[in-house]
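Have a look at the structure below, then the notes.
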Amino acid sequence: MWFPKTSSRAYAFVFLILTGACRKEPPSALVEPSPLTTREIAKDSALFFTYLDSSGVFATTEKAETVPAMSRGLVRIMGRGRDDGRWRNNAEVDVIDLRELLAHGKTRTQGMSRETFETRALAQLPPGDSCLLAGPHGPPLAEEPSQVPAPAEPPVVVLYGTAWCKACMTADQYLRSNRIPFAARDVERDPSAIRELREKATRLGAQTDRVPVLDVRGRLLVGFDRARMDGLLADW
């Protein structure tokens, strides 16, 4: 569908708002503070390691060496045989850089929300099918925000996209065909969608230089990947 033309200045303003939150910064500057206290972990500690495999599915192992190299930058740890409620807390989790543990025999934990861990773990993988926001593309912006009907039930997924992005359309079709309750937000036509996505991306440490971005129960997935979506929605 072709939308009424607006000025290139208006387009540039919207584009700068959206991409202003996408500059690469140290992850520590983007992750929300956590009440968990950092502590040292040794390689011979009795731990479970939860990581994201290449298909986008979270898996757990007792052997650190079996975690794929591409997933070692951010790994959740849990104690084996410990009666410590904090290890079982799904709201706040302990994570480590497994590369450091394997290289030096010890490392320190970092506390963060489960949603932040899963978002940043997903970000270690190449992005799914997506369209870059930079450069010439698609029809110009509409003058008025799009009106998207509210879902009949609370959405499991929020789909942030644009009208011209084929990957966004594919994600939309996937959600509809699987009857997943979702809300669609157009980041070019709806200023509130831009602000909403920017806040989520900053809080969770995600980059948003492309669409679609899918908020799956509080985790941000950049680009559409069917296997990763199946994994995140397995128990919705």
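Numbering starts fresh at 1 for the residues of each chain in the structure tokens, the chains themselves are lettered A, B, ... in the order given, and ligands are numbered from 1 as they appear.
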Open item on the list: Env of A:Pro126: 12 Å cut, atoms = only C-alpha atoms, seq-sep filter 4 positions within chain, self excluded. Answer as a count of residues only.
Closed with: 16
TODO: Identify, on the basis of only C-alpha atoms, every residue whose closest approach to stretch 37-44 of chain A does not exceed 6 Å; exclude the query and any residue fewer than 6 positions from it along the same chain; express the result as a ChimeraX atom specification.
DONE: /A:105-110
Open item on the list: Using DSSP secondary structure from the backbone, list all alpha helix (DSSP H) positions within stretch 137-221 of chain A, as number ranges by chain.
Closed with: A: 166-177, 191-204
Could you write those residues out with C-alpha atoms, as an mmCIF file, in the first residue's frame?
data_model
loop_
_atom_site.group_PDB
_atom_site.id
_atom_site.type_symbol
_atom_site.label_atom_id
_atom_site.label_comp_id
_atom_site.auth_asym_id
_atom_site.auth_seq_id
_atom_site.Cartn_x
_atom_site.Cartn_y
_atom_site.Cartn_z
ATOM 1 C CA LYS A 166 8.850 -8.333 3.759
ATOM 2 C CA ALA A 167 10.361 -10.005 6.834
ATOM 3 C CA CYS A 168 7.780 -8.194 8.973
ATOM 4 C CA MET A 169 5.025 -9.579 6.767
ATOM 5 C CA THR A 170 6.481 -13.075 7.142
ATOM 6 C CA ALA A 171 6.515 -12.686 10.937
ATOM 7 C CA ASP A 172 2.923 -11.430 10.843
ATOM 8 C CA GLN A 173 1.822 -14.458 8.794
ATOM 9 C CA TYR A 174 3.651 -16.835 11.166
ATOM 10 C CA LEU A 175 1.883 -15.387 14.206
ATOM 11 C CA ARG A 176 -1.517 -15.466 12.516
ATOM 12 C CA SER A 177 -1.141 -19.023 11.211
ATOM 13 C CA PRO A 191 5.737 7.813 17.295
ATOM 14 C CA SER A 192 4.623 5.992 20.443
ATOM 15 C CA ALA A 193 5.870 2.715 18.953
ATOM 16 C CA ILE A 194 9.285 4.288 18.409
ATOM 17 C CA ARG A 195 9.478 5.464 22.015
ATOM 18 C CA GLU A 196 8.244 2.124 23.330
ATOM 19 C CA LEU A 197 10.778 0.097 21.344
ATOM 20 C CA ARG A 198 13.618 2.458 22.209
ATOM 21 C CA GLU A 199 12.896 2.092 25.940
ATOM 22 C CA LYS A 200 12.773 -1.707 25.726
ATOM 23 C CA ALA A 201 15.941 -1.923 23.636
ATOM 24 C CA THR A 202 17.890 0.326 26.000
ATOM 25 C CA ARG A 203 16.710 -1.549 29.088
ATOM 26 C CA LEU A 204 17.450 -5.008 27.670
#
TODO: Please give the complete set of residues from stretch 46-217 of chain A that DSSP, run on the backbone, assigns to strand (DSSP E or B), formatted as a ChimeraX atom specification.
DONE: /A:47-52,58-61,75-79,92-96,106-108,110-113,129,131-132,157-161,182-186,210-211,213-216
Would you mind exporting C-alpha atoms of the selected residues as a PDB file, in the first residue's frame?
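Output saved as again_1.pdb:
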ATOM      1  CA  LEU A  47      27.094 -25.905  38.200  1.00  0.00           C
ATOM      2  CA  PHE A  48      24.531 -26.186  35.459  1.00  0.00           C
ATOM      3  CA  PHE A  49      25.198 -23.989  32.411  1.00  0.00           C
ATOM      4  CA  THR A  50      22.241 -22.695  30.395  1.00  0.00           C
ATOM      5  CA  TYR A  51      23.058 -21.379  26.928  1.00  0.00           C
ATOM      6  CA  LEU A  52      21.457 -20.662  23.562  1.00  0.00           C
ATOM      7  CA  PHE A  58      17.975 -22.722  25.316  1.00  0.00           C
ATOM      8  CA  ALA A  59      19.749 -25.842  26.560  1.00  0.00           C
ATOM      9  CA  THR A  60      21.441 -26.843  29.820  1.00  0.00           C
ATOM     10  CA  THR A  61      24.575 -28.882  30.445  1.00  0.00           C
ATOM     11  CA  VAL A  75      25.748 -18.138  29.978  1.00  0.00           C
ATOM     12  CA  ARG A  76      23.362 -18.554  32.881  1.00  0.00           C
ATOM     13  CA  ILE A  77      24.609 -20.631  35.828  1.00  0.00           C
ATOM     14  CA  MET A  78      22.685 -22.554  38.474  1.00  0.00           C
ATOM     15  CA  GLY A  79      24.032 -24.626  41.356  1.00  0.00           C
ATOM     16  CA  GLU A  92      16.824 -12.495  38.608  1.00  0.00           C
ATOM     17  CA  VAL A  93      19.526 -14.811  37.284  1.00  0.00           C
ATOM     18  CA  ASP A  94      23.300 -15.195  37.602  1.00  0.00           C
ATOM     19  CA  VAL A  95      25.286 -15.085  34.354  1.00  0.00           C
ATOM     20  CA  ILE A  96      28.961 -15.385  33.472  1.00  0.00           C
ATOM     21  CA  LYS A 106      37.536 -18.648  37.522  1.00  0.00           C
ATOM     22  CA  THR A 107      35.300 -15.659  36.840  1.00  0.00           C
ATOM     23  CA  ARG A 108      32.770 -13.429  38.561  1.00  0.00           C
ATOM     24  CA  GLN A 110      26.747 -10.785  37.057  1.00  0.00           C
ATOM     25  CA  GLY A 111      23.106 -10.493  38.059  1.00  0.00           C
ATOM     26  CA  MET A 112      20.391  -9.453  35.605  1.00  0.00           C
ATOM     27  CA  SER A 113      16.759 -10.123  34.828  1.00  0.00           C
ATOM     28  CA  ASP A 129      15.379 -12.498   8.350  1.00  0.00           C
ATOM     29  CA  CYS A 131      15.272  -5.372   6.714  1.00  0.00           C
ATOM     30  CA  LEU A 132      17.802  -2.678   7.601  1.00  0.00           C
ATOM     31  CA  VAL A 157       4.097 -11.016  21.065  1.00  0.00           C
ATOM     32  CA  VAL A 158       4.497  -7.378  20.057  1.00  0.00           C
ATOM     33  CA  LEU A 159       5.683  -7.070  16.461  1.00  0.00           C
ATOM     34  CA  TYR A 160       7.572  -3.846  15.705  1.00  0.00           C
ATOM     35  CA  GLY A 161       7.922  -3.362  11.961  1.00  0.00           C
ATOM     36  CA  PHE A 182       0.006 -10.383  19.031  1.00  0.00           C
ATOM     37  CA  ALA A 183      -0.019  -6.618  18.583  1.00  0.00           C
ATOM     38  CA  ALA A 184       1.531  -4.921  15.542  1.00  0.00           C
ATOM     39  CA  ARG A 185       3.325  -1.580  15.961  1.00  0.00           C
ATOM     40  CA  ASP A 186       4.575   0.449  12.986  1.00  0.00           C
ATOM     41  CA  ARG A 210      16.524  -3.385  11.569  1.00  0.00           C
ATOM     42  CA  VAL A 211      12.990  -4.717  11.577  1.00  0.00           C
ATOM     43  CA  VAL A 213      11.879  -6.626  16.289  1.00  0.00           C
ATOM     44  CA  LEU A 214       9.665  -9.039  18.202  1.00  0.00           C
ATOM     45  CA  ASP A 215       8.933  -8.667  21.887  1.00  0.00           C
ATOM     46  CA  VAL A 216       8.196 -12.257  22.922  1.00  0.00           C
TER      47      VAL A 216
END
- [ ] Would you kindly return, as a list in words, each protein, DNA or RNA residue with an atom no farther than 7 Å from any atom of A:Asp97, considering only C-alpha atoms and excluding same-chain residues fewer than 4 positions away?
- [x] Arg72, Gly73, Leu74, Val75 and Leu101 of chain A
Open item on the list: Would you compute the distance between atom CA of A:Met229 and atom CA of A:Ala64? Give it in Å to one decimal.
Closed with: 25.8 Å
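Atom pair atom CA of A:Pro181 / atom CA of A:Leu233 has a distance of 11.2 Å (rounded to one decimal).
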